[in-house]
Amino acid sequence: MRRSSRAFVSLRSDATVTDEELVAHVRSRLAGDKAPREFVRLDDLPHAATGRL
């Protein structure tokens with residue numbers, strides 16, 4: 001059984017990208033079964049106190 005995967009994306013303020021472009025980018029670099037099926041857009045990715053994601 002395949003679990004649905006999700007990728008969290010935060011773009012620079014001057015950048016724009018469509019979901020189709022994100023899928024094409026990811027699939028060109030990952031195997032098809034490892035590519036996320038869903039993209040969640042965030043204003044900023046959360047960081048720990050040490051600065052790590």
# chains A, B, ... in the order shown; residues from 1 in each chain; ligands from 1
call {"tool": "residues_around", "arguments": {"residues": "range 37-53 of chain A", "least_positions_apart": "4", "cutoff": "7 Å", "atoms": "only C-alpha atoms", "output": "list in words"}}
result
Ser4, Ser5, Arg6, Ala7, Phe8, Val9 and Ser10 of chain A
call {"tool": "select_by_dssp", "arguments": {"residues": "chain A", "states": "helix (DSSP H, G or I)", "output": "PyMOL selection string"}}
result
chain A and resi 19-27
call {"tool": "write_last_selection", "arguments": {"atoms": "N, CA, C and O atoms", "output": "mmCIF file, in the first residue's frame"}}
result
data_model
loop_
_atom_site.group_PDB
_atom_site.id
_atom_site.type_symbol
_atom_site.label_atom_id
_atom_site.label_comp_id
_atom_site.auth_asym_id
_atom_site.auth_seq_id
_atom_site.Cartn_x
_atom_site.Cartn_y
_atom_site.Cartn_z
ATOM 1 N N ASP A 19 1.963 24.257 -9.586
ATOM 2 C CA ASP A 19 2.065 22.884 -9.090
ATOM 3 C C ASP A 19 2.628 21.961 -10.166
ATOM 4 O O ASP A 19 3.407 21.064 -9.867
ATOM 5 N N GLU A 20 2.272 22.188 -11.415
ATOM 6 C CA GLU A 20 2.782 21.366 -12.509
ATOM 7 C C GLU A 20 4.295 21.507 -12.652
ATOM 8 O O GLU A 20 4.996 20.536 -12.913
ATOM 9 N N GLU A 21 4.805 22.725 -12.467
ATOM 10 C CA GLU A 21 6.249 22.945 -12.536
ATOM 11 C C GLU A 21 6.962 22.261 -11.375
ATOM 12 O O GLU A 21 8.049 21.700 -11.550
ATOM 13 N N LEU A 22 6.351 22.291 -10.188
ATOM 14 C CA LEU A 22 6.933 21.599 -9.040
ATOM 15 C C LEU A 22 7.002 20.095 -9.284
ATOM 16 O O LEU A 22 8.015 19.454 -9.024
ATOM 17 N N VAL A 23 5.926 19.533 -9.808
ATOM 18 C CA VAL A 23 5.895 18.095 -10.092
ATOM 19 C C VAL A 23 6.964 17.739 -11.110
ATOM 20 O O VAL A 23 7.709 16.767 -10.939
ATOM 21 N N ALA A 24 7.081 18.511 -12.175
ATOM 22 C CA ALA A 24 8.084 18.237 -13.205
ATOM 23 C C ALA A 24 9.491 18.323 -12.638
ATOM 24 O O ALA A 24 10.354 17.489 -12.949
ATOM 25 N N HIS A 25 9.741 19.303 -11.802
ATOM 26 C CA HIS A 25 11.069 19.475 -11.188
ATOM 27 C C HIS A 25 11.417 18.276 -10.313
ATOM 28 O O HIS A 25 12.513 17.718 -10.410
ATOM 29 N N VAL A 26 10.487 17.881 -9.461
ATOM 30 C CA VAL A 26 10.744 16.772 -8.545
ATOM 31 C C VAL A 26 10.905 15.464 -9.296
ATOM 32 O O VAL A 26 11.804 14.675 -9.022
ATOM 33 N N ARG A 27 10.044 15.214 -10.258
ATOM 34 C CA ARG A 27 10.116 13.947 -10.994
ATOM 35 C C ARG A 27 11.364 13.837 -11.853
ATOM 36 O O ARG A 27 11.798 12.736 -12.166
#
call {"tool": "select_by_dssp", "arguments": {"residues": "chain A", "states": "strand (DSSP E or B)", "output": "JSON list (two decimals) with C-alpha atoms, in the first residue's frame"}}
result
[["chain", "number", "residue", "atom", "x", "y", "z"],
["A", 6, "ARG", "CA", 3.63, 15.52, 0.95],
["A", 7, "ALA", "CA", 6.32, 18.12, 0.35],
["A", 8, "PHE", "CA", 6.35, 21.44, 2.17],
["A", 9, "VAL", "CA", 7.47, 24.34, -0.03],
["A", 38, "GLU", "CA", 0.93, 16.81, -2.75],
["A", 39, "PHE", "CA", 2.67, 20.16, -2.20],
["A", 40, "VAL", "CA", 1.87, 22.37, 0.77],
["A", 41, "ARG", "CA", 2.91, 26.00, 0.40]]
